[in-house]
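Asker: What follows is target_18.tsv, made up of TSV, C-alpha atoms:
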```tsv
chain	number	residue	atom	x	y	z
A	241	MET	CA	23.99	61.63	-11.17
A	242	GLU	CA	21.74	61.32	-8.13
A	243	THR	CA	23.48	61.46	-4.80
A	244	ILE	CA	22.59	60.78	-1.20
A	245	ARG	CA	24.30	61.99	1.97
A	246	ALA	CA	25.80	58.85	3.53
A	247	PHE	CA	28.01	57.46	6.27
A	248	ILE	CA	29.08	54.12	7.72
A	249	GLY	CA	28.42	53.62	11.41
A	250	CYS	CA	27.70	51.13	14.14
A	251	VAL	CA	25.62	50.91	17.29
A	252	LEU	CA	26.06	49.39	20.72
A	253	ASP	CA	23.81	46.60	21.96
A	254	LEU	CA	20.47	47.74	23.38
A	255	GLY	CA	21.45	47.56	27.06
A	256	ALA	CA	24.52	49.74	26.60
A	257	THR	CA	22.62	52.14	24.33
A	258	ARG	CA	20.02	52.63	27.07
A	259	LYS	CA	22.80	53.64	29.47
A	260	VAL	CA	24.07	56.19	26.92
A	261	GLN	CA	20.49	57.49	26.65
A	262	GLU	CA	20.47	57.94	30.45
A	263	LEU	CA	23.73	59.91	30.21
A	264	SER	CA	22.22	62.08	27.48
A	265	ARG	CA	19.09	62.75	29.59
A	266	ALA	CA	21.16	63.60	32.66
A	267	THR	CA	23.32	65.99	30.61
A	268	ARG	CA	20.25	67.64	29.13
A	269	ALA	CA	18.74	68.01	32.61
A	270	LEU	CA	21.76	70.15	33.53
A	271	ALA	CA	22.14	71.98	30.21
A	272	ASP	CA	18.56	73.15	29.71
A	273	PRO	CA	18.18	75.09	32.98
A	274	ALA	CA	21.71	76.47	32.58
A	275	GLY	CA	20.61	78.20	29.38
A	276	TRP	CA	22.34	75.99	26.84
A	277	ALA	CA	20.67	75.57	23.45
A	278	VAL	CA	21.46	72.10	22.16
A	279	ARG	CA	19.90	70.00	19.40
A	280	TRP	CA	19.91	66.63	21.17
A	281	VAL	CA	20.29	63.42	19.17
A	282	PRO	CA	17.13	61.30	19.48
A	283	PRO	CA	17.78	57.96	21.24
A	284	PRO	CA	17.21	55.79	18.12
A	285	SER	CA	19.89	57.78	16.28
A	286	LEU	CA	22.76	57.24	18.76
A	287	HIS	CA	25.70	55.67	16.91
A	288	PHE	CA	29.44	55.72	16.27
A	289	THR	CA	30.35	57.19	12.88
A	290	LEU	CA	33.17	55.13	11.38
A	291	ARG	CA	33.41	56.98	8.05
A	292	PHE	CA	31.44	59.95	6.77
A	293	LEU	CA	31.04	59.61	3.00
A	294	GLY	CA	29.27	62.87	2.20
A	295	ASP	CA	27.41	63.02	-1.11
A	296	LEU	CA	27.50	59.49	-2.49
A	297	ASP	CA	26.49	58.63	-6.04
A	298	GLN	CA	23.63	56.13	-5.75
A	299	GLY	CA	25.42	53.88	-8.23
A	300	LEU	CA	28.16	53.39	-5.61
A	301	ILE	CA	25.86	52.12	-2.85
A	302	GLU	CA	26.44	48.43	-3.64
A	303	PRO	CA	30.24	48.71	-4.13
A	304	VAL	CA	30.49	50.65	-0.85
A	305	ALA	CA	28.33	48.01	0.86
A	306	ASP	CA	30.64	45.28	-0.50
A	307	ALA	CA	33.71	47.16	0.80
A	308	MET	CA	31.97	47.54	4.17
A	309	ARG	CA	31.20	43.79	4.26
A	310	ALA	CA	34.87	42.95	3.57
A	311	ALA	CA	36.03	45.20	6.42
A	312	ALA	CA	33.37	43.73	8.73
A	313	ARG	CA	34.41	40.13	7.99
A	314	ALA	CA	37.97	40.99	9.09
A	315	THR	CA	36.76	42.42	12.43
A	316	PRO	CA	35.58	40.35	15.40
A	317	THR	CA	32.66	41.49	17.56
A	318	LEU	CA	33.84	44.55	19.49
A	319	LEU	CA	33.58	45.31	23.21
A	320	VAL	CA	33.39	49.07	23.69
A	321	GLY	CA	33.17	51.02	26.92
A	322	VAL	CA	31.45	54.40	26.94
A	323	GLY	CA	31.52	57.07	29.59
A	324	GLY	CA	32.46	60.62	30.29
A	325	LEU	CA	31.64	63.60	28.17
A	326	GLY	CA	33.82	65.14	25.50
A	327	ALA	CA	33.36	68.03	23.11
A	328	PHE	CA	34.46	69.21	19.70
A	329	PRO	CA	36.38	71.41	19.07
A	330	ASP	CA	37.19	71.59	22.80
A	331	ARG	CA	35.65	71.40	26.27
A	332	ASP	CA	35.71	75.19	26.84
A	333	ALA	CA	33.88	76.13	23.62
A	334	PRO	CA	31.80	73.05	22.72
A	335	GLN	CA	29.98	72.79	19.42
A	336	VAL	CA	29.35	69.05	19.73
A	337	VAL	CA	28.84	67.17	23.01
A	338	TYR	CA	29.62	63.46	22.91
A	339	ALA	CA	29.93	60.33	25.03
A	340	ASP	CA	33.56	59.27	25.04
A	341	VAL	CA	35.00	55.81	24.38
A	342	THR	CA	36.65	54.52	27.57
A	343	ARG	CA	37.53	51.02	26.38
A	344	GLY	CA	37.94	49.34	23.00
A	345	HIS	CA	38.97	52.40	21.01
A	346	GLU	CA	41.67	50.31	19.30
A	347	GLY	CA	39.03	47.92	17.94
A	348	LEU	CA	36.87	50.76	16.63
A	349	ALA	CA	39.91	52.47	15.12
A	350	GLY	CA	40.99	49.20	13.51
A	351	LEU	CA	37.56	48.76	11.92
A	352	ALA	CA	37.66	52.38	10.72
A	353	ALA	CA	41.12	51.78	9.20
A	354	ARG	CA	39.91	48.64	7.39
A	355	LEU	CA	36.96	50.64	6.03
A	356	GLU	CA	39.33	53.42	4.96
A	357	SER	CA	41.49	50.92	3.06
A	358	ALA	CA	38.51	49.19	1.39
A	359	LEU	CA	37.02	52.54	0.36
A	360	GLY	CA	40.42	53.71	-0.91
A	361	ALA	CA	40.43	50.72	-3.28
A	362	LEU	CA	37.19	52.14	-4.72
A	363	GLY	CA	38.84	55.52	-5.29
A	364	PHE	CA	37.54	57.36	-2.22
A	365	PRO	CA	39.97	59.97	-0.90
A	366	LYS	CA	41.32	59.46	2.61
A	367	ALA	CA	39.23	60.89	5.44
A	368	ASP	CA	40.14	64.50	6.11
A	369	ARG	CA	40.72	63.95	9.83
A	370	PRO	CA	41.91	61.09	12.05
A	371	PHE	CA	39.32	58.74	13.54
A	372	VAL	CA	38.12	59.64	17.06
A	373	GLY	CA	35.67	57.15	18.54
A	374	HIS	CA	32.72	59.02	20.06
A	375	MET	CA	28.94	58.98	20.21
A	376	THR	CA	27.39	62.39	19.53
A	377	LEU	CA	24.76	63.37	22.09
A	378	GLY	CA	23.99	66.86	20.82
A	379	ARG	CA	24.99	69.79	18.65
A	380	VAL	CA	25.44	72.99	20.63
A	381	GLN	CA	23.84	76.12	19.23
A	382	SER	CA	24.80	78.26	22.22
A	383	SER	CA	26.39	77.51	25.57
A	384	ARG	CA	27.09	79.17	28.86
A	385	GLY	CA	30.45	78.04	30.09
A	386	GLY	CA	32.44	74.96	29.37
A	387	LEU	CA	31.46	71.32	29.32
A	388	ALA	CA	32.28	70.87	33.01
A	389	SER	CA	29.22	72.98	33.91
A	390	ILE	CA	26.82	70.40	32.43
A	391	THR	CA	28.63	67.15	33.20
A	392	PRO	CA	26.53	64.85	35.41
A	393	ALA	CA	28.10	63.24	38.48
A	394	HIS	CA	27.73	59.75	37.00
A	395	THR	CA	28.90	59.34	33.39
A	396	ASP	CA	29.98	55.68	33.16
A	397	CYS	CA	27.79	53.78	30.70
A	398	GLY	CA	29.65	50.50	31.07
A	399	VAL	CA	30.70	48.18	28.24
A	400	GLY	CA	28.60	47.06	25.31
A	401	THR	CA	29.04	45.01	22.18
A	402	ILE	CA	29.09	46.04	18.55
A	403	GLY	CA	28.17	43.20	16.24
A	404	ALA	CA	27.67	44.88	12.87
A	405	VAL	CA	28.32	47.93	10.71
A	406	THR	CA	25.71	49.77	8.68
A	407	LEU	CA	25.71	52.00	5.63
A	408	TYR	CA	23.25	54.82	6.33
A	409	ARG	CA	21.56	57.45	4.24
A	410	SER	CA	21.35	60.70	6.22
A	411	ASP	CA	18.43	62.97	5.37
A	412	LEU	CA	18.66	66.47	6.85
A	413	PHE	CA	15.56	68.24	8.16
A	414	SER	CA	15.09	71.39	10.24
A	415	LYS	CA	14.49	69.22	13.34
A	416	GLY	CA	17.69	67.24	12.72
A	417	ALA	CA	18.91	64.28	10.69
A	418	GLU	CA	17.06	61.06	9.98
A	419	TYR	CA	19.11	57.93	9.30
A	420	ILE	CA	17.95	55.14	7.00
A	421	ALA	CA	19.89	51.86	6.88
A	422	LEU	CA	20.84	50.89	3.33
A	423	ALA	CA	23.08	47.86	4.03
A	424	ARG	CA	24.24	46.01	7.12
A	425	ALA	CA	27.21	43.71	7.65
A	426	PRO	CA	27.77	41.51	10.71
A	427	LEU	CA	31.27	41.56	12.19
A	428	GLY	CA	33.42	38.44	12.02
A	429	PRO	CA	34.33	35.82	9.45
A	430	ASP	CA	30.88	34.20	9.55
A	431	GLY	CA	29.15	37.48	8.62
```
As C-alpha coordinates, what does this structure read like?

Answerer:
Amino acid sequence: METIRAFIGCVLDLGATRKVQELSRATRALADPAGWAVRWVPPPSLHFTLRFLGDLDQGLIEPVADAMRAAARATPTLLVGVGGLGAFPDRDAPQVVYADVTRGHEGLAGLAARLESALGALGFPKADRPFVGHMTLGRVQSSRGGLASITPAHTDCGVGTIGAVTLYRSDLFSKGAEYIALARAPLGPDG
(Lines of atoms letter the chains of each structure in order from A and count residues from 1; the text may use other names and numbers.)
(Lines give C-alpha, C1' and ligand atoms only; values in the text may rest on other atoms or scores of the structure.)
Protein backbone atom coordinates (compact mmCIF):
# COMPACT_ATOMS: atom_id res chain seq x y z
CA MET A 1 0.00 0.00 0.00
CA GLU A 2 1.57 3.26 -1.14
CA THR A 3 0.42 6.34 0.70
CA ILE A 4 0.73 10.08 0.27
CA ARG A 5 0.31 12.83 2.84
CA ALA A 6 -2.85 14.69 1.78
CA PHE A 7 -5.37 17.36 2.68
CA ILE A 8 -8.34 19.19 1.17
CA GLY A 9 -8.08 22.96 1.04
CA CYS A 10 -9.12 26.10 -0.77
CA VAL A 11 -7.61 29.44 -1.71
CA LEU A 12 -8.88 32.99 -1.93
CA ASP A 13 -8.98 34.87 -5.22
CA LEU A 14 -5.67 36.43 -6.29
CA GLY A 15 -6.46 39.98 -5.12
CA ALA A 16 -7.35 38.88 -1.61
CA THR A 17 -4.39 36.48 -1.47
CA ARG A 18 -2.05 39.37 -2.30
CA LYS A 19 -3.43 41.28 0.69
CA VAL A 20 -2.77 38.26 2.93
CA GLN A 21 0.77 38.17 1.52
CA GLU A 22 1.17 41.84 2.53
CA LEU A 23 0.00 40.97 6.06
CA SER A 24 2.51 38.12 6.19
CA ARG A 25 5.36 40.40 5.04
CA ALA A 26 4.42 43.09 7.57
CA THR A 27 4.31 40.49 10.36
CA ARG A 28 7.68 39.09 9.32
CA ALA A 29 9.14 42.62 9.24
CA LEU A 30 8.28 42.89 12.95
CA ALA A 31 9.12 39.30 13.95
CA ASP A 32 12.58 39.00 12.40
CA PRO A 33 14.21 41.97 14.18
CA ALA A 34 12.45 41.00 17.42
CA GLY A 35 14.34 37.71 17.41
CA TRP A 36 11.52 35.37 16.43
CA ALA A 37 12.43 32.27 14.43
CA VAL A 38 9.53 31.45 12.13
CA ARG A 39 9.27 29.21 9.07
CA TRP A 40 7.09 31.45 6.91
CA VAL A 41 4.66 29.94 4.42
CA PRO A 42 5.65 30.89 0.86
CA PRO A 43 3.01 33.05 -0.87
CA PRO A 44 1.95 30.38 -3.40
CA SER A 45 1.18 27.99 -0.53
CA LEU A 46 -1.28 30.21 1.38
CA HIS A 47 -4.56 28.33 1.79
CA PHE A 48 -7.37 27.31 4.14
CA THR A 49 -7.17 23.67 5.20
CA LEU A 50 -10.67 22.22 5.24
CA ARG A 51 -9.72 18.64 6.15
CA PHE A 52 -6.32 17.13 6.84
CA LEU A 53 -6.32 13.52 5.65
CA GLY A 54 -2.86 12.41 6.77
CA ASP A 55 -1.43 9.33 5.06
CA LEU A 56 -3.86 8.50 2.27
CA ASP A 57 -3.73 5.24 0.34
CA GLN A 58 -3.21 6.19 -3.31
CA GLY A 59 -6.10 3.92 -4.27
CA LEU A 60 -8.43 6.29 -2.38
CA ILE A 61 -7.45 9.43 -4.31
CA GLU A 62 -10.34 9.15 -6.80
CA PRO A 63 -13.03 8.23 -4.22
CA VAL A 64 -11.87 11.14 -2.03
CA ALA A 65 -11.93 13.44 -5.08
CA ASP A 66 -15.50 12.28 -5.84
CA ALA A 67 -16.55 12.97 -2.22
CA MET A 68 -14.92 16.40 -2.46
CA ARG A 69 -16.79 17.13 -5.71
CA ALA A 70 -20.12 16.21 -4.08
CA ALA A 71 -19.46 18.55 -1.15
CA ALA A 72 -18.37 21.31 -3.54
CA ARG A 73 -21.53 21.02 -5.66
CA ALA A 74 -23.62 21.61 -2.52
CA THR A 75 -21.70 24.80 -1.64
CA PRO A 76 -22.10 28.15 -3.40
CA THR A 77 -19.10 30.40 -4.05
CA LEU A 78 -17.94 31.72 -0.68
CA LEU A 79 -17.16 35.29 0.39
CA VAL A 80 -14.54 35.21 3.13
CA GLY A 81 -13.02 38.11 5.01
CA VAL A 82 -9.51 37.80 6.39
CA GLY A 83 -7.75 40.00 8.90
CA GLY A 84 -6.12 40.05 12.26
CA LEU A 85 -3.59 37.60 13.55
CA GLY A 86 -4.28 34.52 15.61
CA ALA A 87 -2.09 31.77 17.02
CA PHE A 88 -2.22 28.13 17.99
CA PRO A 89 -2.24 26.98 20.75
CA ASP A 90 -2.65 30.54 22.09
CA ARG A 91 -1.54 34.14 21.58
CA ASP A 92 0.92 34.12 24.51
CA ALA A 93 2.85 31.00 23.43
CA PRO A 94 2.37 30.79 19.65
CA GLN A 95 3.50 27.77 17.68
CA VAL A 96 1.52 28.71 14.56
CA VAL A 97 0.75 32.27 13.43
CA TYR A 98 -2.27 32.65 11.18
CA ALA A 99 -4.51 35.18 9.46
CA ASP A 100 -7.95 34.98 11.02
CA VAL A 101 -11.32 34.71 9.29
CA THR A 102 -13.34 37.87 9.97
CA ARG A 103 -16.32 37.13 7.74
CA GLY A 104 -17.81 34.03 6.15
CA HIS A 105 -16.63 31.50 8.72
CA GLU A 106 -20.07 29.86 8.63
CA GLY A 107 -19.68 29.16 4.90
CA LEU A 108 -16.22 27.66 5.35
CA ALA A 109 -17.42 25.61 8.32
CA GLY A 110 -20.42 24.40 6.31
CA LEU A 111 -18.16 23.26 3.48
CA ALA A 112 -15.88 21.52 6.00
CA ALA A 113 -18.92 19.77 7.52
CA ARG A 114 -20.11 18.58 4.09
CA LEU A 115 -16.60 17.24 3.40
CA GLU A 116 -16.59 15.53 6.80
CA SER A 117 -19.90 13.83 6.01
CA ALA A 118 -18.83 12.75 2.50
CA LEU A 119 -15.53 11.38 3.83
CA GLY A 120 -17.35 9.61 6.66
CA ALA A 121 -19.38 7.73 4.03
CA LEU A 122 -16.03 6.42 2.71
CA GLY A 123 -15.07 5.19 6.18
CA PHE A 124 -12.82 8.06 7.26
CA PRO A 125 -12.91 8.72 11.00
CA LYS A 126 -14.18 12.11 12.13
CA ALA A 127 -11.60 14.89 12.35
CA ASP A 128 -9.91 14.91 15.73
CA ARG A 129 -10.62 18.59 16.37
CA PRO A 130 -13.34 21.08 15.43
CA PHE A 131 -12.90 23.17 12.29
CA VAL A 132 -11.33 26.61 12.81
CA GLY A 133 -11.07 28.69 9.65
CA HIS A 134 -7.59 30.21 9.39
CA MET A 135 -4.76 30.75 6.93
CA THR A 136 -1.37 29.72 8.33
CA LEU A 137 1.31 32.36 7.82
CA GLY A 138 4.16 30.66 9.66
CA ARG A 139 5.27 27.98 12.08
CA VAL A 140 7.08 29.40 15.10
CA GLN A 141 10.32 27.71 16.12
CA SER A 142 11.06 30.23 18.87
CA SER A 143 9.44 33.47 19.96
CA ARG A 144 10.08 36.39 22.23
CA GLY A 145 6.83 37.43 23.80
CA GLY A 146 3.29 36.98 22.68
CA LEU A 147 1.65 37.57 19.34
CA ALA A 148 0.82 41.19 20.21
CA SER A 149 4.53 42.07 19.95
CA ILE A 150 4.61 41.25 16.22
CA THR A 151 1.13 42.32 15.13
CA PRO A 152 1.25 45.05 12.47
CA ALA A 153 -0.92 48.15 12.86
CA HIS A 154 -2.97 47.26 9.76
CA THR A 155 -4.20 43.65 9.57
CA ASP A 156 -7.42 43.87 7.52
CA CYS A 157 -7.07 41.97 4.25
CA GLY A 158 -10.62 42.63 3.10
CA VAL A 159 -12.99 40.10 1.56
CA GLY A 160 -12.21 37.60 -1.17
CA THR A 161 -13.96 34.79 -2.96
CA ILE A 162 -13.40 31.06 -2.83
CA GLY A 163 -14.63 29.31 -5.94
CA ALA A 164 -13.22 25.79 -5.64
CA VAL A 165 -11.76 23.14 -3.35
CA THR A 166 -8.63 21.14 -4.06
CA LEU A 167 -7.24 17.79 -2.96
CA TYR A 168 -3.52 18.31 -2.34
CA ARG A 169 -0.56 16.03 -1.87
CA SER A 170 1.78 17.50 0.75
CA ASP A 171 5.45 16.62 0.38
CA LEU A 172 7.61 17.53 3.38
CA PHE A 173 11.13 18.87 2.92
CA SER A 174 13.60 20.48 5.32
CA LYS A 175 12.70 23.92 3.89
CA GLY A 176 8.98 23.28 4.39
CA ALA A 177 6.07 21.61 2.62
CA GLU A 178 5.34 21.59 -1.09
CA TYR A 179 1.72 21.18 -2.20
CA ILE A 180 0.71 19.47 -5.42
CA ALA A 181 -2.91 19.64 -6.61
CA LEU A 182 -4.34 16.20 -7.36
CA ALA A 183 -8.00 17.12 -8.01
CA ARG A 184 -10.02 20.32 -8.06
CA ALA A 185 -13.76 20.88 -7.75
CA PRO A 186 -15.56 24.17 -8.46
CA LEU A 187 -18.13 25.26 -5.89
CA GLY A 188 -21.81 25.34 -6.82
CA PRO A 189 -24.27 23.12 -8.64
CA ASP A 190 -22.72 23.82 -12.05
CA GLY A 191 -19.29 22.58 -10.92

Asker: Mind checking which residues fall within 8 Å of Gly326 in chain A, counting all atoms listed in the file, ignoring those fewer than 3 positions away in the same chain, and posting them as JSON, numbers by chain?

Answerer: {"A": [330, 331, 337, 338, 339, 340, 387]}

Asker: Would you write out those residues with C-alpha atoms, as a JSON list (two decimals), in the frame of the given file?

Answerer:
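selection-v5.json, freshly written:
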```
[["chain", "number", "residue", "atom", "x", "y", "z"],
["A", 330, "ASP", "CA", 37.19, 71.59, 22.80],
["A", 331, "ARG", "CA", 35.65, 71.40, 26.27],
["A", 337, "VAL", "CA", 28.84, 67.17, 23.01],
["A", 338, "TYR", "CA", 29.62, 63.46, 22.91],
["A", 339, "ALA", "CA", 29.93, 60.33, 25.03],
["A", 340, "ASP", "CA", 33.56, 59.27, 25.04],
["A", 387, "LEU", "CA", 31.46, 71.32, 29.32]]
```

Asker: Identify, on the basis of only C-alpha atoms, every residue whose closest approach to Val322 in chain A does not exceed 8 Å; exclude the query and any residue fewer than 3 positions from it along the same chain; express the result as a list in words.

Answerer: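 The residues satisfying every condition are Val260, Ala339, Asp340, Val341, Thr342, Arg343, Asp396, Cys397, Gly398 and Val399 of chain A.
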
Asker: Could you make a table, as a Markdown table, of the residues of range 360-397 of chain A that have an atom within 6 Å of an atom of range 278-286 of chain A, each with its nearest atom pair and distance in Å to one decimal, counting all atoms listed in the file, in chain and number order?

Answerer:
```
| residue | atom | partner | partner_atom | distance |
| --- | --- | --- | --- | --- |
| A:Leu377 | CA | A:Val281 | CA | 5.3 |
| A:Gly378 | CA | A:Trp280 | CA | 4.1 |
| A:Arg379 | CA | A:Arg279 | CA | 5.1 |
| A:Val380 | CA | A:Val278 | CA | 4.4 |
| A:Gln381 | CA | A:Val278 | CA | 5.5 |
```

Asker: Which of these residues is nearest to Phe247 in chain A, using all atoms listed in the file: A:Ser414, A:Thr406, A:Thr395, A:Thr267?

Answerer: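 Checking each of A:Ser414, A:Thr406, A:Thr395, A:Thr267 against Phe247 in chain A, counting all atoms listed in the file, the winner is A:Thr406.
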
Asker: Pick out the residues sitting within 12 Å of Arg313 in chain A, and hand them over as a list in words; count all atoms listed in the file, and ignore anything fewer than 6 positions along from it in its own chain.

Answerer: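 Once the adjacent positions are removed, what remains is Asp306, Ala307, Leu351, Arg354, Leu355, Ala358, Gly403, Ala404, Val405, Arg424, Ala425, Pro426, Leu427, Gly428, Pro429, Asp430 and Gly431 of chain A.
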
Asker: What does the distance from CA of Pro334 in chain A to CA of Ala349 in chain A come to in Å, to one decimal?

Answerer: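 Between CA of Pro334 in chain A and CA of Ala349 in chain A the gap is 23.4 Å.
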
Asker: Please indicate the distance in Å from CA of His394 in chain A to CA of Pro329 in chain A, rounded to one decimal place.

Answerer: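 These two atoms are separated by 23.1 Å.
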
Asker: Give me, please, the distance in Å between CA of Leu359 in chain A and CA of Ala310 in chain A, quoted to one decimal.

Answerer: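 These atoms are spaced 10.3 Å apart.
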
Asker: For Thr289 in chain A, find every residue with an atom within 12 Å (counting all atoms listed in the file), except residues of its own chain fewer than 4 positions away, and show them as a list of chain:residue names.

Answerer: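 The residues that qualify are A:Ala246, A:Phe247, A:Ile248, A:Gly249, A:Cys250, A:Val251, A:Leu252, A:Ser285, A:Leu293, A:Tyr338, A:Leu348, A:Ala349, A:Leu351, A:Ala352, A:Leu355, A:Phe371, A:Val372, A:Gly373, A:His374, A:Met375, A:Thr376, A:Val405, A:Thr406, A:Leu407, A:Tyr408, A:Ser410, A:Tyr419.
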
Asker: Restricting it to C-alpha atoms, dump the selection as a short mmCIF file (atom, residue, chain, number, x, y, z; two decimals), in the coordinates of the input.

Answerer:
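out_36.cif was written with the following content:
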```cif
data_model
loop_
_atom_site.label_atom_id
_atom_site.label_comp_id
_atom_site.auth_asym_id
_atom_site.auth_seq_id
_atom_site.Cartn_x
_atom_site.Cartn_y
_atom_site.Cartn_z
CA ALA A 246 25.80 58.85 3.53
CA PHE A 247 28.01 57.46 6.27
CA ILE A 248 29.08 54.12 7.72
CA GLY A 249 28.42 53.62 11.41
CA CYS A 250 27.70 51.13 14.14
CA VAL A 251 25.62 50.91 17.29
CA LEU A 252 26.06 49.39 20.72
CA SER A 285 19.89 57.78 16.28
CA LEU A 293 31.04 59.61 3.00
CA TYR A 338 29.62 63.46 22.91
CA LEU A 348 36.87 50.76 16.63
CA ALA A 349 39.91 52.47 15.12
CA LEU A 351 37.56 48.76 11.92
CA ALA A 352 37.66 52.38 10.72
CA LEU A 355 36.96 50.64 6.03
CA PHE A 371 39.32 58.74 13.54
CA VAL A 372 38.12 59.64 17.06
CA GLY A 373 35.67 57.15 18.54
CA HIS A 374 32.72 59.02 20.06
CA MET A 375 28.94 58.98 20.21
CA THR A 376 27.39 62.39 19.53
CA VAL A 405 28.32 47.93 10.71
CA THR A 406 25.71 49.77 8.68
CA LEU A 407 25.71 52.00 5.63
CA TYR A 408 23.25 54.82 6.33
CA SER A 410 21.35 60.70 6.22
CA TYR A 419 19.11 57.93 9.30
#
```

Asker: Identify which of the residues A:Pro303, A:Phe292, A:Gln261, A:Asp253 lies closest to Ala423 in chain A, counting all atoms listed in the file when measuring atom-to-atom distances.

Answerer: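 Of A:Pro303, A:Phe292, A:Gln261, A:Asp253, the one nearest Ala423 in chain A, counting all atoms listed in the file, is A:Pro303.
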
Asker: Measuring atom to atom with all atoms listed in the file, identify which of A:Ala312, A:Ala327, A:Ile390, A:Leu300 is nearest to Gly363 in chain A.

Answerer: A:Leu300
